[in-house]
Every structure is written in C-alpha cells, then in structure tokens.
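Below is one structure, written out as structure tokens, with a few remarks after it.
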Amino acid sequence: MSAVDYQIDGQAYEGWYVPAAGKADAPLVIICHAWGGLGANEKQKAEIIAKEFGYAAFAIDVYGKGKRGATQAENEGLMYPLVGNRAELQKRLAGSIAAAKARSGATQAAAIGFCFGGLCVLDMARAGMDILGVGSFHGLFRPAENIPAPKIKAKVLIEHGWNDPMAMPDDVLAITKEFAGSDWQLHAHGLATHAFTTVGAAGNGTQYHADTDRRSFAYLKTFLAEVFA
C-alpha cells in the first residue's frame, strides 16, 4: 500500500493504492471519499477490498493534495463547491479513474463511495464513465444539473440508511425514477442513519452501525463478483 501522486489539469492530487493480495491482474475497485477528504476510513475499506475481496483498491482524491477537512465548516467548504459544479467534479472523477487504472494496470474497474463519495460514484454512472459498476454507501442523491437525462450503463448498488436525514424517502424515490431502466438495486437498512460505515461516527443524524456496515459490505462483495464475472 502506498500514496500515489497524480495530476489533473496541472493540479496535484494524492490517492492511496492497495494491491490485491497475491493477484497481479486483479480487477480494480476505486474508492471515493466522504466530505472530509481521503482519510482513514477510505484506507480501511481499501484494505478490506484488497485482502478479503481479492481486488486492487485505489482511494481517489477529488479535493487536491493536502486539502482535507477537520471541522464541519472545513468539510462544507471543500464539498459544496463541487456539489454545486458537477461538471468540475466529473472532470476530477474522470481524471482520477484514469490515474487509478494507470497505477493498477487493471482493465476492469468498479467504484464505491461514502457520503459525498456516494454522490461521486453516482455521477460516474450518470456521466457514462469507464466503469462497470458503482456502489453508493449512505450517499447523497442530488441529481447532476448538467446531465438532466442520464443514460446509465453501469450496474448500480445503493446501500442506504432509512433514517438518513441527508437522503429522505422522497429522495430515494426520486433516484429510482432517475435511474429507471438501468440495472440498479437498493438496500434500505432500518436501523441505520447517515455514515453507518464510518467507524467512530456519533453525531446528530450520523452514527456508525456495525451490523449495517457488515451487511452492506456483504452485499457489495456479491455485487462486485457479478460485475467482474
């Protein structure tokens, strides 16, 4: 495992790469970070994917090297400009996919993301990027204004906490309508709120939930096996 520097339009970014255990030609799983930037939770999930699932894992960076948040205000300051400029976000996502594939040498790739990263992977699908499947975990569902009628080709997995205040039942219904006609599946977890996979989360409306974390990754393992079959 190692940090990986890469550039998009002359700007520096820093990802995190974990090779697949004992597999030089394994498929690649790209990991998109939550609103604070690439950190310990994404690295921990990368190790699970590499060691337990047998895929290479690359946690990308869409904020820029050294740009990480430590407070709510800092996190919002990093995330909201990209949520409000989806074309810019999608450009960074596409550049990060290219960097991840170049580092791993993989020809097959899927992507997963957490919170803001869930929105990122859904935008990968909306924009028709070169990935076979995406998995959103407690993701944000806000549609991309620059893609009003997306044509989804990737398989889609959505793992959702039913009590998530950032994605209400109306938002869930809206995204199923937006993705109508594509190969999507959605698992709603009745005891989960936002950030249910984020170890240590214990805020208002955000709570780590070990059972949902475990179950959702069991669904992911089955999903990835199908995506890479």
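If you're wondering about the labels, chains in the structure tokens are A, B, ... by order shown, residues count from 1 in each chain, ligands from 1 in order shown.
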
Determine, counting only C-alpha atoms, which protein, DNA and RNA residues have an atom within 10 Å of an atom of stretch 145-148 of chain A; residues of the same chain fewer than 4 positions away are not included. Present the result as a PDB file with all heavy atoms, in the first residue's frame.
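What follows is the written file around33.pdb:
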```pdb
ATOM      1  N   GLY A  84     -21.969  21.920  -6.184  1.00  0.00           N
ATOM      2  CA  GLY A  84     -22.590  22.967  -6.980  1.00  0.00           C
ATOM      3  C   GLY A  84     -22.016  23.124  -8.374  1.00  0.00           C
ATOM      4  O   GLY A  84     -22.545  23.923  -9.173  1.00  0.00           O
ATOM      5  N   ASN A  85     -20.946  22.421  -8.680  1.00  0.00           N
ATOM      6  CA  ASN A  85     -20.324  22.494 -10.016  1.00  0.00           C
ATOM      7  C   ASN A  85     -20.013  21.074 -10.451  1.00  0.00           C
ATOM      8  O   ASN A  85     -18.889  20.610 -10.369  1.00  0.00           O
ATOM      9  CB  ASN A  85     -19.052  23.347  -9.969  1.00  0.00           C
ATOM     10  CG  ASN A  85     -18.432  23.549 -11.348  1.00  0.00           C
ATOM     11  OD1 ASN A  85     -18.824  22.910 -12.324  1.00  0.00           O
ATOM     12  ND2 ASN A  85     -17.458  24.437 -11.429  1.00  0.00           N
ATOM     13  N   ARG A  86     -21.031  20.391 -10.930  1.00  0.00           N
ATOM     14  CA  ARG A  86     -20.881  18.969 -11.196  1.00  0.00           C
ATOM     15  C   ARG A  86     -19.988  18.702 -12.392  1.00  0.00           C
ATOM     16  O   ARG A  86     -19.349  17.645 -12.463  1.00  0.00           O
ATOM     17  CB  ARG A  86     -22.263  18.335 -11.376  1.00  0.00           C
ATOM     18  CG  ARG A  86     -23.144  18.535 -10.155  1.00  0.00           C
ATOM     19  CD  ARG A  86     -22.598  17.800  -8.935  1.00  0.00           C
ATOM     20  NE  ARG A  86     -23.132  16.465  -8.926  1.00  0.00           N
ATOM     21  CZ  ARG A  86     -24.331  16.156  -8.465  1.00  0.00           C
ATOM     22  NH1 ARG A  86     -25.125  17.085  -7.937  1.00  0.00           N
ATOM     23  NH2 ARG A  86     -24.753  14.907  -8.502  1.00  0.00           N
ATOM     24  N   ALA A  87     -19.917  19.615 -13.338  1.00  0.00           N
ATOM     25  CA  ALA A  87     -19.004  19.421 -14.464  1.00  0.00           C
ATOM     26  C   ALA A  87     -17.558  19.374 -13.973  1.00  0.00           C
ATOM     27  O   ALA A  87     -16.760  18.538 -14.418  1.00  0.00           O
ATOM     28  CB  ALA A  87     -19.176  20.528 -15.498  1.00  0.00           C
ATOM     29  N   ASP A 123     -22.464   9.975  -9.935  1.00  0.00           N
ATOM     30  CA  ASP A 123     -22.133  10.848 -11.067  1.00  0.00           C
ATOM     31  C   ASP A 123     -21.269  10.127 -12.101  1.00  0.00           C
ATOM     32  O   ASP A 123     -21.367  10.401 -13.295  1.00  0.00           O
ATOM     33  CB  ASP A 123     -21.433  12.120 -10.594  1.00  0.00           C
ATOM     34  CG  ASP A 123     -22.403  13.287 -10.419  1.00  0.00           C
ATOM     35  OD1 ASP A 123     -23.621  13.028 -10.296  1.00  0.00           O
ATOM     36  OD2 ASP A 123     -21.951  14.451 -10.403  1.00  0.00           O
ATOM     37  N   ARG A 126     -23.861   8.415 -14.029  1.00  0.00           N
ATOM     38  CA  ARG A 126     -24.634   9.376 -14.816  1.00  0.00           C
ATOM     39  C   ARG A 126     -23.868   9.835 -16.050  1.00  0.00           C
ATOM     40  O   ARG A 126     -24.448  10.026 -17.121  1.00  0.00           O
ATOM     41  CB  ARG A 126     -24.977  10.593 -13.952  1.00  0.00           C
ATOM     42  CG  ARG A 126     -25.991  10.344 -12.842  1.00  0.00           C
ATOM     43  CD  ARG A 126     -26.189  11.594 -12.008  1.00  0.00           C
ATOM     44  NE  ARG A 126     -27.280  11.456 -11.050  1.00  0.00           N
ATOM     45  CZ  ARG A 126     -27.118  11.477  -9.732  1.00  0.00           C
ATOM     46  NH1 ARG A 126     -25.914  11.624  -9.196  1.00  0.00           N
ATOM     47  NH2 ARG A 126     -28.166  11.347  -8.944  1.00  0.00           N
ATOM     48  N   ALA A 127     -22.554  10.037 -15.884  1.00  0.00           N
ATOM     49  CA  ALA A 127     -21.726  10.562 -16.967  1.00  0.00           C
ATOM     50  C   ALA A 127     -21.203   9.480 -17.904  1.00  0.00           C
ATOM     51  O   ALA A 127     -20.500   9.790 -18.864  1.00  0.00           O
ATOM     52  CB  ALA A 127     -20.547  11.353 -16.381  1.00  0.00           C
ATOM     53  N   GLU A 178     -35.010   8.453 -11.511  1.00  0.00           N
ATOM     54  CA  GLU A 178     -33.938   8.958 -12.365  1.00  0.00           C
ATOM     55  C   GLU A 178     -33.184   7.817 -13.034  1.00  0.00           C
ATOM     56  O   GLU A 178     -32.791   7.916 -14.197  1.00  0.00           O
ATOM     57  CB  GLU A 178     -32.960   9.800 -11.535  1.00  0.00           C
ATOM     58  CG  GLU A 178     -31.830  10.399 -12.356  1.00  0.00           C
ATOM     59  CD  GLU A 178     -30.748  11.052 -11.518  1.00  0.00           C
ATOM     60  OE1 GLU A 178     -30.818  10.982 -10.265  1.00  0.00           O
ATOM     61  OE2 GLU A 178     -29.820  11.638 -12.111  1.00  0.00           O
TER      62      GLU A 178
END
```

Excluding A:Ala110 and its own-chain neighbours fewer than 3 positions away, which residues fall within 12 Å of it when counting only C-alpha atoms? Please give them as a VMD selection string.
chain A and resid 26 to 32 49 55 to 59 97 100 to 101 106 to 107 113 121 to 122 124 to 125 129 to 136 154 to 157 220 to 221 223 to 228

Find, counting only C-alpha atoms, the residue in A:Val199, A:Met79, A:Leu140, A:Ile158 that gets nearest to A:His187.
A:Ile158

As an exercise, work out the distance from atom CA of A:Leu186 to atom CA of A:Phe116 in Å and give it to one decimal place.
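A separation of 17.5 Å between them.
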
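With only C-alpha atoms as the atoms that count, the residue of A:Gln108, A:Asn163, A:Ser2, A:Thr222 with the shortest distance to A:Phe196 is A:Asn163.
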
Using only C-alpha atoms, can you tell me which of A:Ile8, A:Ala192, A:Ile48, A:Ala174 comes closest to A:Gly95?
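Residue with the minimum atom-to-atom distance to A:Gly95: A:Ile8.
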
Could you give me, as a PyMOL selection string, each residue of stretch 104-219 of chain A that DSSP assigns to strand (DSSP E) when run on this structure's backbone?
chain A and resi 109-114+133-137+155-161+184-189+202-203+206-207

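For A:Met166, the residues within 12 Å (counting only C-alpha atoms, excluding itself and residues fewer than 4 positions away along the chain) are Cys115, Phe116, Gly118, Leu119, His138, Gly139, Leu140, Phe141, Arg142, His160, Gly161, Trp162, Asp170, Asp171, Val172, Thr193, His194, Ala195, Asn204, Gly205 and Thr206 of chain A.
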
One decimal, in Å: what's the spacing between atom CA of A:Glu159 and atom CA of A:Arg103?
28.1 Å

What does the distance between atom CA of A:Leu38 and atom CA of A:Asp164 come to in Å, to one decimal place?
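According to the coordinates, atom CA of A:Leu38 and atom CA of A:Asp164 are separated by 21.9 Å.
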
Running DSSP on the backbone, which parts of stretch 31-225 of chain A land in helix (DSSP H, G or I), as a PyMOL selection string?
chain A and resi 40-53+72-83+86-104+116-126+169-178+210-225

Can you pull out every residue within 12 Å of A:Asp9, counting only C-alpha atoms, but drop anything in the same chain fewer than 6 positions away, and send it as a ChimeraX atom specification?
/A:64,88,91-92,94-96

Kindly export the residues of the current selection with N, CA, C and O atoms, as a PDB file, in the first residue's frame.
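Full text of again-v9.pdb as output:
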```pdb
ATOM      1  N   GLY A  64      -7.661  17.662  -3.887  1.00  0.00           N
ATOM      2  CA  GLY A  64      -6.308  18.137  -4.143  1.00  0.00           C
ATOM      3  C   GLY A  64      -5.376  17.743  -3.016  1.00  0.00           C
ATOM      4  O   GLY A  64      -5.798  17.591  -1.857  1.00  0.00           O
ATOM      5  N   GLU A  88     -17.201  20.241 -13.037  1.00  0.00           N
ATOM      6  CA  GLU A  88     -15.853  20.235 -12.472  1.00  0.00           C
ATOM      7  C   GLU A  88     -15.616  18.951 -11.678  1.00  0.00           C
ATOM      8  O   GLU A  88     -14.555  18.321 -11.791  1.00  0.00           O
ATOM      9  N   LYS A  91     -15.071  16.091 -14.050  1.00  0.00           N
ATOM     10  CA  LYS A  91     -13.742  16.150 -14.662  1.00  0.00           C
ATOM     11  C   LYS A  91     -12.697  15.555 -13.720  1.00  0.00           C
ATOM     12  O   LYS A  91     -11.830  14.772 -14.155  1.00  0.00           O
ATOM     13  N   ARG A  92     -12.790  15.878 -12.451  1.00  0.00           N
ATOM     14  CA  ARG A  92     -11.833  15.334 -11.484  1.00  0.00           C
ATOM     15  C   ARG A  92     -12.031  13.832 -11.295  1.00  0.00           C
ATOM     16  O   ARG A  92     -11.056  13.087 -11.120  1.00  0.00           O
ATOM     17  N   ALA A  94     -13.175  11.692 -13.586  1.00  0.00           N
ATOM     18  CA  ALA A  94     -12.653  11.017 -14.775  1.00  0.00           C
ATOM     19  C   ALA A  94     -11.130  10.965 -14.745  1.00  0.00           C
ATOM     20  O   ALA A  94     -10.515   9.944 -15.081  1.00  0.00           O
ATOM     21  N   GLY A  95     -10.493  12.064 -14.327  1.00  0.00           N
ATOM     22  CA  GLY A  95      -9.038  12.081 -14.235  1.00  0.00           C
ATOM     23  C   GLY A  95      -8.523  11.121 -13.181  1.00  0.00           C
ATOM     24  O   GLY A  95      -7.487  10.469 -13.354  1.00  0.00           O
ATOM     25  N   SER A  96      -9.257  10.988 -12.091  1.00  0.00           N
ATOM     26  CA  SER A  96      -8.862  10.068 -11.028  1.00  0.00           C
ATOM     27  C   SER A  96      -9.027   8.615 -11.449  1.00  0.00           C
ATOM     28  O   SER A  96      -8.207   7.760 -11.092  1.00  0.00           O
TER      29      SER A  96
END
```

Non-local contacts of stretch 65-76 of chain A (6 Å; only C-alpha atoms; under 3 positions in same chain excluded) as an MDAnalysis selection string:
chainID A and resid 12:14 35:37 79:80

Deliver the residues from the most recent selection as a file, using C-alpha atoms, as a PDB file, in the first residue's frame.
```pdb
ATOM      1  CA  ALA A  12      -1.749  17.865  -7.762  1.00  0.00           C
ATOM      2  CA  TYR A  13      -3.829  15.107  -6.159  1.00  0.00           C
ATOM      3  CA  GLU A  14      -2.850  12.263  -3.821  1.00  0.00           C
ATOM      4  CA  TRP A  35     -16.815  15.143   2.673  1.00  0.00           C
ATOM      5  CA  GLY A  36     -13.651  15.465   4.770  1.00  0.00           C
ATOM      6  CA  GLY A  37     -11.392  14.135   2.002  1.00  0.00           C
ATOM      7  CA  MET A  79     -17.520  19.708  -0.661  1.00  0.00           C
ATOM      8  CA  TYR A  80     -20.130  22.325  -1.532  1.00  0.00           C
TER       9      TYR A  80
END
```
